[in-house]
$ cat run24.txt   # compact mmCIF, C-alpha atoms
# COMPACT_ATOMS: atom_id res chain seq x y z
CA MET W 1 68.56 180.40 -74.18
CA GLY W 2 66.08 182.81 -75.69
CA LEU W 3 66.60 186.37 -76.84
CA TRP W 4 64.72 187.76 -73.85
CA GLU W 5 66.93 185.92 -71.33
CA LEU W 6 70.03 187.02 -73.21
CA PHE W 7 68.82 190.63 -73.19
CA VAL W 8 68.25 190.55 -69.43
CA ILE W 9 71.72 189.08 -68.89
CA ALA W 10 73.29 191.66 -71.24
CA LEU W 11 71.50 194.52 -69.51
CA GLY W 12 72.50 193.22 -66.07
CA LEU W 13 76.12 192.84 -67.09
CA SER W 14 76.21 196.33 -68.58
CA MET W 15 74.96 198.12 -65.45
CA ASP W 16 78.38 198.36 -63.79
CA ALA W 17 79.86 199.78 -66.98
CA PHE W 18 76.89 202.15 -67.31
CA ALA W 19 77.51 203.50 -63.80
CA VAL W 20 81.21 204.01 -64.52
CA SER W 21 80.33 205.72 -67.81
CA ILE W 22 78.14 208.15 -65.92
CA CYS W 23 81.12 208.88 -63.66
CA LYS W 24 83.36 209.41 -66.68
CA GLY W 25 80.76 211.76 -68.15
CA LEU W 26 80.76 213.70 -64.88
CA SER W 27 84.49 214.26 -65.25
CA VAL W 28 84.44 216.08 -68.59
CA ARG W 29 83.78 219.77 -69.06
CA ARG W 30 82.36 219.28 -72.53
CA CYS W 31 81.12 215.87 -73.60
CA THR W 32 82.07 214.90 -77.14
CA MET W 33 81.18 211.96 -79.33
CA LYS W 34 84.78 210.81 -78.85
CA HIS W 35 84.26 210.49 -75.08
CA MET W 36 81.06 208.52 -75.58
CA LEU W 37 82.63 206.22 -78.19
CA ILE W 38 85.74 205.57 -76.11
CA CYS W 39 83.66 204.44 -73.11
CA GLY W 40 81.26 202.49 -75.29
CA LEU W 41 84.04 200.69 -77.13
CA TYR W 42 86.20 199.85 -74.12
CA PHE W 43 83.34 198.61 -72.00
CA GLY W 44 81.51 196.94 -74.89
CA VAL W 45 84.59 195.06 -76.09
CA PHE W 46 85.51 193.89 -72.59
CA GLN W 47 81.91 192.91 -71.73
CA GLY W 48 81.89 190.81 -74.90
CA ALA W 49 85.40 189.41 -74.51
CA MET W 50 85.07 188.24 -70.91
CA PRO W 51 82.17 185.82 -71.49
CA LEU W 52 84.00 184.53 -74.55
CA LEU W 53 87.08 183.90 -72.41
CA GLY W 54 84.92 182.26 -69.73
CA TYR W 55 83.29 180.09 -72.37
CA ILE W 56 86.69 178.98 -73.65
CA LEU W 57 87.97 178.21 -70.18
CA GLY W 58 84.76 176.30 -69.56
CA SER W 59 84.47 173.75 -66.86
CA GLN W 60 88.21 173.07 -66.52
CA PHE W 61 88.79 176.18 -64.46
CA GLU W 62 85.29 176.84 -63.12
CA SER W 63 86.23 176.77 -59.44
CA LEU W 64 89.29 179.00 -59.94
CA VAL W 65 87.40 181.56 -62.02
CA THR W 66 84.44 181.83 -59.67
CA THR W 67 86.64 182.08 -56.56
CA VAL W 68 89.16 184.66 -57.75
CA ALA W 69 87.03 186.97 -59.95
CA PRO W 70 85.13 188.70 -57.10
CA TYR W 71 88.37 189.56 -55.28
CA ILE W 72 89.92 191.04 -58.42
CA ALA W 73 86.77 193.05 -59.19
CA PHE W 74 86.56 194.30 -55.59
CA GLY W 75 90.22 195.32 -55.54
CA LEU W 76 90.08 197.21 -58.81
CA LEU W 77 86.79 198.95 -58.07
CA ALA W 78 87.87 199.90 -54.53
CA LEU W 79 91.21 201.28 -55.75
CA ILE W 80 89.57 203.35 -58.47
CA GLY W 81 86.79 204.47 -56.10
CA PHE W 82 89.15 205.60 -53.34
CA ASN W 83 91.18 207.50 -55.93
CA MET W 84 88.03 209.29 -57.13
CA ILE W 85 87.08 210.20 -53.54
CA ARG W 86 90.60 211.50 -52.90
CA GLU W 87 90.41 213.66 -56.02
CA ALA W 88 86.96 214.95 -55.04
CA ARG W 89 88.33 216.20 -51.71
CA GLU W 90 91.12 218.19 -53.39
CA ASP W 91 90.48 221.86 -54.08
CA ASP W 92 91.98 221.53 -57.53
CA ASP W 93 89.60 222.68 -60.25
CA SER W 94 91.18 220.48 -62.90
CA VAL W 95 88.88 217.86 -64.29
CA ASP W 96 89.89 214.19 -64.30
CA ASP W 97 88.89 213.56 -67.85
CA ASP W 98 91.44 210.83 -68.52
CA PHE W 99 90.18 208.56 -71.28
CA SER W 100 93.61 207.07 -71.99
CA VAL W 101 94.29 203.35 -72.31
CA LYS W 102 95.94 203.45 -68.87
CA ALA W 103 92.75 204.85 -67.32
CA MET W 104 90.19 202.85 -69.28
CA ILE W 105 91.63 199.30 -69.18
CA PRO W 106 91.37 198.86 -65.38
CA LEU W 107 87.82 200.23 -65.45
CA ALA W 108 86.85 197.93 -68.32
CA ILE W 109 88.35 194.90 -66.57
CA ALA W 110 86.77 195.73 -63.22
CA THR W 111 83.31 196.18 -64.68
CA SER W 112 83.43 193.09 -66.87
CA ILE W 113 85.08 190.49 -64.69
CA ASP W 114 81.72 189.13 -63.54
CA ALA W 115 80.97 188.39 -67.20
CA LEU W 116 83.76 185.80 -67.08
CA ALA W 117 81.63 183.59 -64.85
CA ILE W 118 78.65 184.10 -67.17
CA GLY W 119 80.79 182.77 -70.00
CA VAL W 120 81.55 179.63 -68.00
CA SER W 121 77.84 179.09 -67.47
CA PHE W 122 77.24 179.68 -71.19
CA ALA W 123 79.58 176.76 -71.88
CA PHE W 124 77.49 174.48 -69.67
CA LEU W 125 74.24 175.70 -71.20
CA GLN W 126 75.63 175.23 -74.73
CA VAL W 127 74.75 178.78 -75.72
CA SER W 128 75.73 179.91 -79.21
CA ILE W 129 78.60 182.02 -77.96
CA ILE W 130 79.32 184.39 -80.86
CA PRO W 131 75.77 185.81 -81.11
CA ALA W 132 75.57 185.95 -77.29
CA VAL W 133 78.79 187.90 -76.76
CA SER W 134 77.98 190.16 -79.70
CA PHE W 135 74.62 190.99 -78.16
CA ILE W 136 76.24 191.64 -74.77
CA ALA W 137 78.90 193.88 -76.35
CA VAL W 138 76.38 195.93 -78.35
CA THR W 139 74.04 196.33 -75.37
CA THR W 140 76.91 197.49 -73.16
CA PHE W 141 78.19 199.84 -75.86
CA ALA W 142 74.77 201.52 -76.14
CA CYS W 143 74.33 201.81 -72.36
CA CYS W 144 77.77 203.36 -71.93
CA VAL W 145 77.37 205.90 -74.73
CA VAL W 146 74.16 207.08 -73.05
CA GLY W 147 75.83 206.96 -69.61
CA VAL W 148 78.63 209.34 -70.57
CA LYS W 149 76.12 211.85 -71.94
CA VAL W 150 73.89 211.59 -68.86
CA GLY W 151 76.92 212.10 -66.61
CA SER W 152 78.11 215.13 -68.57
CA ILE W 153 74.76 216.87 -68.24
CA PHE W 154 75.00 216.87 -64.45
CA GLY W 155 78.78 217.18 -64.12
CA SER W 156 79.53 220.87 -64.33
CA ARG W 157 77.34 221.87 -61.39
CA TYR W 158 78.08 219.03 -59.04
CA LYS W 159 81.64 218.04 -59.90
CA HIS W 160 83.10 217.49 -56.40
CA GLY W 161 79.99 215.87 -54.99
CA ALA W 162 79.59 213.75 -58.11
CA GLU W 163 83.21 212.56 -58.03
CA PHE W 164 82.80 211.64 -54.38
CA PHE W 165 79.51 209.88 -55.10
CA GLY W 166 80.98 208.13 -58.14
CA GLY W 167 83.92 206.88 -56.10
CA LEU W 168 81.59 205.71 -53.36
CA VAL W 169 79.42 203.89 -55.92
CA LEU W 170 82.47 202.08 -57.32
CA ILE W 171 83.57 201.01 -53.85
CA LEU W 172 80.05 199.83 -53.01
CA MET W 173 79.81 197.90 -56.30
CA GLY W 174 83.08 196.18 -55.49
CA PHE W 175 81.90 195.44 -51.96
CA LYS W 176 78.60 194.05 -53.33
CA ILE W 177 80.47 191.73 -55.68
CA LEU W 178 82.68 190.55 -52.82
CA MET W 179 79.76 190.03 -50.41
CA GLU W 180 77.72 188.11 -53.00
CA HIS W 181 80.71 185.81 -53.37
CA LEU W 182 81.32 185.39 -49.65
CA VAL W 183 77.69 185.06 -48.56
CA GLY W 184 76.51 183.07 -51.54

$ encode --input "run24.txt" --output "structure tokens"
Amino acid sequence: MGLWELFVIALGLSMDAFAVSICKGLSVRRCTMKHMLICGLYFGVFQGAMPLLGYILGSQFESLVTTVAPYIAFGLLALIGFNMIREAREDDDSVDDDFSVKAMIPLAIATSIDALAIGVSFAFLQVSIIPAVSFIAVTTFACCVVGVKVGSIFGSRYKHGAEFFGGLVLILMGFKILMEHLVG
């Protein structure tokens, strides 16, 4: 697998995390480097770790991984999305700027679970896994750092609408993952 193909895969895998990073950026009153690094690190590490795990599992569990992963991703994204929509409808002016481990781990898992199946395919294609997952992790990190900043620029004016839209996007991403699995 060439560098170009790996870049396209890394960019594709990072798009879910990028979208969630934009949503996280929307939730903060003042974006700091800490916010950007937290999102970048969580999403980057998980986007790199999932293909590595998939590679290790390899062909032994291919059917289990590819059948269960879309349901898990859908469930997590839908749950988080509905929660964001619920918060957007509240008149509370407090900002959901939770960057704690408890908030970030489910988001990182939900956005990277599709990378698990990529890791399985990497095993079949005999891809050099360490450079591949490193490239995926760094690409995702960079996309998410930018995503938080982009989200923060638009967040203060459009907070309620943006939270609603962000929640809707997460639900739709989960639905898309599920439909791709069910339809083929």

$ closest_residue --input "run24.txt" --among "W:Ala17, W:Ala78, W:Ile153, W:Ala10" --to "W:Tyr42" --atoms "all atoms listed in the file"
W:Ala17

$ closest_residue --input "run24.txt" --among "W:Met33, W:Ile56, W:Ala19, W:Ala110" --to "W:Gly174" --atoms "all atoms listed in the file"
W:Ala110

$ atom_distance --input "run24.txt" --atom1 "atom CA of W:Ala117" --atom2 "atom CA of W:Gln60"
12.5 Å

$ residues_around --input "run24.txt" --residues "W:Leu107" --least-positions-apart "6" --cutoff "12 Å" --atoms "all atoms listed in the file" --output "PDB file with C-alpha atoms, keeping the file's coordinate frame"
ATOM      1  CA  ASP W  16      78.380 198.360 -63.790  1.00  0.00           C
ATOM      2  CA  ALA W  17      79.860 199.780 -66.980  1.00  0.00           C
ATOM      3  CA  PHE W  18      76.890 202.150 -67.310  1.00  0.00           C
ATOM      4  CA  ALA W  19      77.510 203.500 -63.800  1.00  0.00           C
ATOM      5  CA  VAL W  20      81.210 204.010 -64.520  1.00  0.00           C
ATOM      6  CA  SER W  21      80.330 205.720 -67.810  1.00  0.00           C
ATOM      7  CA  CYS W  23      81.120 208.880 -63.660  1.00  0.00           C
ATOM      8  CA  LYS W  24      83.360 209.410 -66.680  1.00  0.00           C
ATOM      9  CA  CYS W  39      83.660 204.440 -73.110  1.00  0.00           C
ATOM     10  CA  TYR W  42      86.200 199.850 -74.120  1.00  0.00           C
ATOM     11  CA  PHE W  43      83.340 198.610 -72.000  1.00  0.00           C
ATOM     12  CA  GLY W  44      81.510 196.940 -74.890  1.00  0.00           C
ATOM     13  CA  PHE W  46      85.510 193.890 -72.590  1.00  0.00           C
ATOM     14  CA  GLN W  47      81.910 192.910 -71.730  1.00  0.00           C
ATOM     15  CA  ILE W  72      89.920 191.040 -58.420  1.00  0.00           C
ATOM     16  CA  ALA W  73      86.770 193.050 -59.190  1.00  0.00           C
ATOM     17  CA  PHE W  74      86.560 194.300 -55.590  1.00  0.00           C
ATOM     18  CA  GLY W  75      90.220 195.320 -55.540  1.00  0.00           C
ATOM     19  CA  LEU W  76      90.080 197.210 -58.810  1.00  0.00           C
ATOM     20  CA  LEU W  77      86.790 198.950 -58.070  1.00  0.00           C
ATOM     21  CA  ALA W  78      87.870 199.900 -54.530  1.00  0.00           C
ATOM     22  CA  LEU W  79      91.210 201.280 -55.750  1.00  0.00           C
ATOM     23  CA  ILE W  80      89.570 203.350 -58.470  1.00  0.00           C
ATOM     24  CA  GLY W  81      86.790 204.470 -56.100  1.00  0.00           C
ATOM     25  CA  ASP W  98      91.440 210.830 -68.520  1.00  0.00           C
ATOM     26  CA  PHE W  99      90.180 208.560 -71.280  1.00  0.00           C
ATOM     27  CA  SER W 100      93.610 207.070 -71.990  1.00  0.00           C
ATOM     28  CA  VAL W 101      94.290 203.350 -72.310  1.00  0.00           C
ATOM     29  CA  ILE W 113      85.080 190.490 -64.690  1.00  0.00           C
ATOM     30  CA  LEU W 170      82.470 202.080 -57.320  1.00  0.00           C
ATOM     31  CA  GLY W 174      83.080 196.180 -55.490  1.00  0.00           C
TER      32      GLY W 174
END

$ residues_near_point --input "run24.txt" --point "(79.7, 178.6, -71.5)" --cutoff "9 Å" --atoms "only C-alpha atoms" --output "compact mmCIF listing (two decimals) with C-alpha atoms, in the frame of the given file"
# COMPACT_ATOMS: atom_id res chain seq x y z
CA PRO W 51 82.17 185.82 -71.49
CA LEU W 52 84.00 184.53 -74.55
CA GLY W 54 84.92 182.26 -69.73
CA TYR W 55 83.29 180.09 -72.37
CA ILE W 56 86.69 178.98 -73.65
CA LEU W 57 87.97 178.21 -70.18
CA GLY W 58 84.76 176.30 -69.56
CA SER W 59 84.47 173.75 -66.86
CA ALA W 117 81.63 183.59 -64.85
CA ILE W 118 78.65 184.10 -67.17
CA GLY W 119 80.79 182.77 -70.00
CA VAL W 120 81.55 179.63 -68.00
CA SER W 121 77.84 179.09 -67.47
CA PHE W 122 77.24 179.68 -71.19
CA ALA W 123 79.58 176.76 -71.88
CA PHE W 124 77.49 174.48 -69.67
CA LEU W 125 74.24 175.70 -71.20
CA GLN W 126 75.63 175.23 -74.73
CA VAL W 127 74.75 178.78 -75.72
CA SER W 128 75.73 179.91 -79.21
CA ILE W 129 78.60 182.02 -77.96

$ closest_residue --input "run24.txt" --among "W:Arg89, W:Lys102, W:His181, W:His35" --to "W:Gly151" --atoms "only C-alpha atoms"
W:His35

$ atom_distance --input "run24.txt" --atom1 "atom CA of W:Val45" --atom2 "atom CA of W:Cys31"
21.2 Å

$ closest_residue --input "run24.txt" --among "W:Gly12, W:Pro106, W:Gly147, W:Gly2" --to "W:Leu37" --atoms "all atoms listed in the file"
W:Gly147

$ atom_distance --input "run24.txt" --atom1 "atom CA of W:Leu178" --atom2 "atom CA of W:Asn83"
19.2 Å

$ closest_residue --input "run24.txt" --among "W:Leu116, W:Ala49, W:Ala103, W:Met36" --to "W:Ala142" --atoms "all atoms listed in the file"
W:Met36

$ residues_around --input "run24.txt" --residues "W:Leu168" --least-positions-apart "3" --cutoff "9 Å" --atoms "all atoms listed in the file" --output "ChimeraX atom specification"
/W:78,81-82,84-85,163-165,171-173

$ residues_near_point --input "run24.txt" --point "(68.9, 192.2, -71.3)" --cutoff "10 Å" --atoms "all atoms listed in the file" --output "list of chain:residue names"
W:Leu3, W:Trp4, W:Glu5, W:Leu6, W:Phe7, W:Val8, W:Ile9, W:Ala10, W:Leu11, W:Gly12, W:Leu13, W:Ser14, W:Phe135, W:Ile136, W:Thr139, W:Thr140

$ closest_residue --input "run24.txt" --among "W:Val183, W:Val169, W:Ala108, W:Ile22" --to "W:Val146" --atoms "all atoms listed in the file"
W:Ile22

$ build_atoms --input "run24.txt" --residues "stretch 70-81 of chain W" --atoms "all heavy atoms" --output "PDB file, in the frame of the given file"
ATOM      1  N   PRO W  70      85.684 187.651 -57.972  1.00  0.00           N
ATOM      2  CA  PRO W  70      85.130 188.700 -57.100  1.00  0.00           C
ATOM      3  C   PRO W  70      86.199 189.496 -56.354  1.00  0.00           C
ATOM      4  O   PRO W  70      86.036 190.703 -56.137  1.00  0.00           O
ATOM      5  CB  PRO W  70      84.268 187.907 -56.097  1.00  0.00           C
ATOM      6  CG  PRO W  70      83.974 186.627 -56.776  1.00  0.00           C
ATOM      7  CD  PRO W  70      85.159 186.335 -57.634  1.00  0.00           C
ATOM      8  N   TYR W  71      87.293 188.865 -55.986  1.00  0.00           N
ATOM      9  CA  TYR W  71      88.370 189.560 -55.280  1.00  0.00           C
ATOM     10  C   TYR W  71      89.069 190.557 -56.204  1.00  0.00           C
ATOM     11  O   TYR W  71      89.409 191.669 -55.792  1.00  0.00           O
ATOM     12  CB  TYR W  71      89.370 188.567 -54.702  1.00  0.00           C
ATOM     13  CG  TYR W  71      88.747 187.637 -53.687  1.00  0.00           C
ATOM     14  CD1 TYR W  71      88.528 186.302 -53.987  1.00  0.00           C
ATOM     15  CD2 TYR W  71      88.358 188.107 -52.439  1.00  0.00           C
ATOM     16  CE1 TYR W  71      87.944 185.447 -53.062  1.00  0.00           C
ATOM     17  CE2 TYR W  71      87.779 187.271 -51.502  1.00  0.00           C
ATOM     18  CZ  TYR W  71      87.574 185.938 -51.828  1.00  0.00           C
ATOM     19  OH  TYR W  71      86.999 185.102 -50.912  1.00  0.00           O
ATOM     20  N   ILE W  72      89.289 190.148 -57.446  1.00  0.00           N
ATOM     21  CA  ILE W  72      89.920 191.040 -58.420  1.00  0.00           C
ATOM     22  C   ILE W  72      89.004 192.232 -58.685  1.00  0.00           C
ATOM     23  O   ILE W  72      89.447 193.381 -58.678  1.00  0.00           O
ATOM     24  CB  ILE W  72      90.242 190.278 -59.722  1.00  0.00           C
ATOM     25  CG1 ILE W  72      91.310 189.211 -59.468  1.00  0.00           C
ATOM     26  CG2 ILE W  72      90.698 191.245 -60.814  1.00  0.00           C
ATOM     27  CD1 ILE W  72      91.519 188.261 -60.628  1.00  0.00           C
ATOM     28  N   ALA W  73      87.727 191.965 -58.920  1.00  0.00           N
ATOM     29  CA  ALA W  73      86.770 193.050 -59.190  1.00  0.00           C
ATOM     30  C   ALA W  73      86.703 194.004 -58.006  1.00  0.00           C
ATOM     31  O   ALA W  73      86.725 195.231 -58.181  1.00  0.00           O
ATOM     32  CB  ALA W  73      85.395 192.471 -59.499  1.00  0.00           C
ATOM     33  N   PHE W  74      86.617 193.464 -56.783  1.00  0.00           N
ATOM     34  CA  PHE W  74      86.560 194.300 -55.590  1.00  0.00           C
ATOM     35  C   PHE W  74      87.813 195.171 -55.485  1.00  0.00           C
ATOM     36  O   PHE W  74      87.724 196.379 -55.261  1.00  0.00           O
ATOM     37  CB  PHE W  74      86.419 193.453 -54.328  1.00  0.00           C
ATOM     38  CG  PHE W  74      86.589 194.249 -53.057  1.00  0.00           C
ATOM     39  CD1 PHE W  74      85.603 195.134 -52.654  1.00  0.00           C
ATOM     40  CD2 PHE W  74      87.725 194.117 -52.287  1.00  0.00           C
ATOM     41  CE1 PHE W  74      85.752 195.885 -51.494  1.00  0.00           C
ATOM     42  CE2 PHE W  74      87.890 194.861 -51.129  1.00  0.00           C
ATOM     43  CZ  PHE W  74      86.895 195.756 -50.726  1.00  0.00           C
ATOM     44  N   GLY W  75      88.969 194.575 -55.652  1.00  0.00           N
ATOM     45  CA  GLY W  75      90.220 195.320 -55.540  1.00  0.00           C
ATOM     46  C   GLY W  75      90.324 196.460 -56.538  1.00  0.00           C
ATOM     47  O   GLY W  75      90.674 197.589 -56.178  1.00  0.00           O
ATOM     48  N   LEU W  76      90.000 196.177 -57.785  1.00  0.00           N
ATOM     49  CA  LEU W  76      90.080 197.210 -58.810  1.00  0.00           C
ATOM     50  C   LEU W  76      89.060 198.318 -58.579  1.00  0.00           C
ATOM     51  O   LEU W  76      89.396 199.504 -58.644  1.00  0.00           O
ATOM     52  CB  LEU W  76      89.864 196.598 -60.199  1.00  0.00           C
ATOM     53  CG  LEU W  76      91.004 195.736 -60.736  1.00  0.00           C
ATOM     54  CD1 LEU W  76      90.577 195.021 -62.011  1.00  0.00           C
ATOM     55  CD2 LEU W  76      92.236 196.590 -61.007  1.00  0.00           C
ATOM     56  N   LEU W  77      87.827 197.941 -58.288  1.00  0.00           N
ATOM     57  CA  LEU W  77      86.790 198.950 -58.070  1.00  0.00           C
ATOM     58  C   LEU W  77      87.083 199.794 -56.823  1.00  0.00           C
ATOM     59  O   LEU W  77      86.892 201.012 -56.830  1.00  0.00           O
ATOM     60  CB  LEU W  77      85.416 198.296 -57.957  1.00  0.00           C
ATOM     61  CG  LEU W  77      84.847 197.750 -59.272  1.00  0.00           C
ATOM     62  CD1 LEU W  77      83.618 196.900 -59.006  1.00  0.00           C
ATOM     63  CD2 LEU W  77      84.540 198.861 -60.246  1.00  0.00           C
ATOM     64  N   ALA W  78      87.544 199.160 -55.754  1.00  0.00           N
ATOM     65  CA  ALA W  78      87.870 199.900 -54.530  1.00  0.00           C
ATOM     66  C   ALA W  78      89.026 200.874 -54.772  1.00  0.00           C
ATOM     67  O   ALA W  78      88.970 202.031 -54.349  1.00  0.00           O
ATOM     68  CB  ALA W  78      88.202 198.936 -53.401  1.00  0.00           C
ATOM     69  N   LEU W  79      90.059 200.427 -55.461  1.00  0.00           N
ATOM     70  CA  LEU W  79      91.210 201.280 -55.750  1.00  0.00           C
ATOM     71  C   LEU W  79      90.788 202.493 -56.576  1.00  0.00           C
ATOM     72  O   LEU W  79      91.126 203.636 -56.248  1.00  0.00           O
ATOM     73  CB  LEU W  79      92.280 200.476 -56.492  1.00  0.00           C
ATOM     74  CG  LEU W  79      93.563 201.203 -56.843  1.00  0.00           C
ATOM     75  CD1 LEU W  79      94.317 201.560 -55.565  1.00  0.00           C
ATOM     76  CD2 LEU W  79      94.428 200.325 -57.728  1.00  0.00           C
ATOM     77  N   ILE W  80      90.025 202.259 -57.613  1.00  0.00           N
ATOM     78  CA  ILE W  80      89.570 203.350 -58.470  1.00  0.00           C
ATOM     79  C   ILE W  80      88.625 204.268 -57.678  1.00  0.00           C
ATOM     80  O   ILE W  80      88.719 205.496 -57.767  1.00  0.00           O
ATOM     81  CB  ILE W  80      88.878 202.791 -59.729  1.00  0.00           C
ATOM     82  CG1 ILE W  80      89.905 202.054 -60.591  1.00  0.00           C
ATOM     83  CG2 ILE W  80      88.204 203.898 -60.527  1.00  0.00           C
ATOM     84  CD1 ILE W  80      89.291 201.127 -61.631  1.00  0.00           C
ATOM     85  N   GLY W  81      87.730 203.684 -56.895  1.00  0.00           N
ATOM     86  CA  GLY W  81      86.790 204.470 -56.100  1.00  0.00           C
ATOM     87  C   GLY W  81      87.473 205.356 -55.081  1.00  0.00           C
ATOM     88  O   GLY W  81      87.142 206.541 -54.947  1.00  0.00           O
TER      89      GLY W  81
END
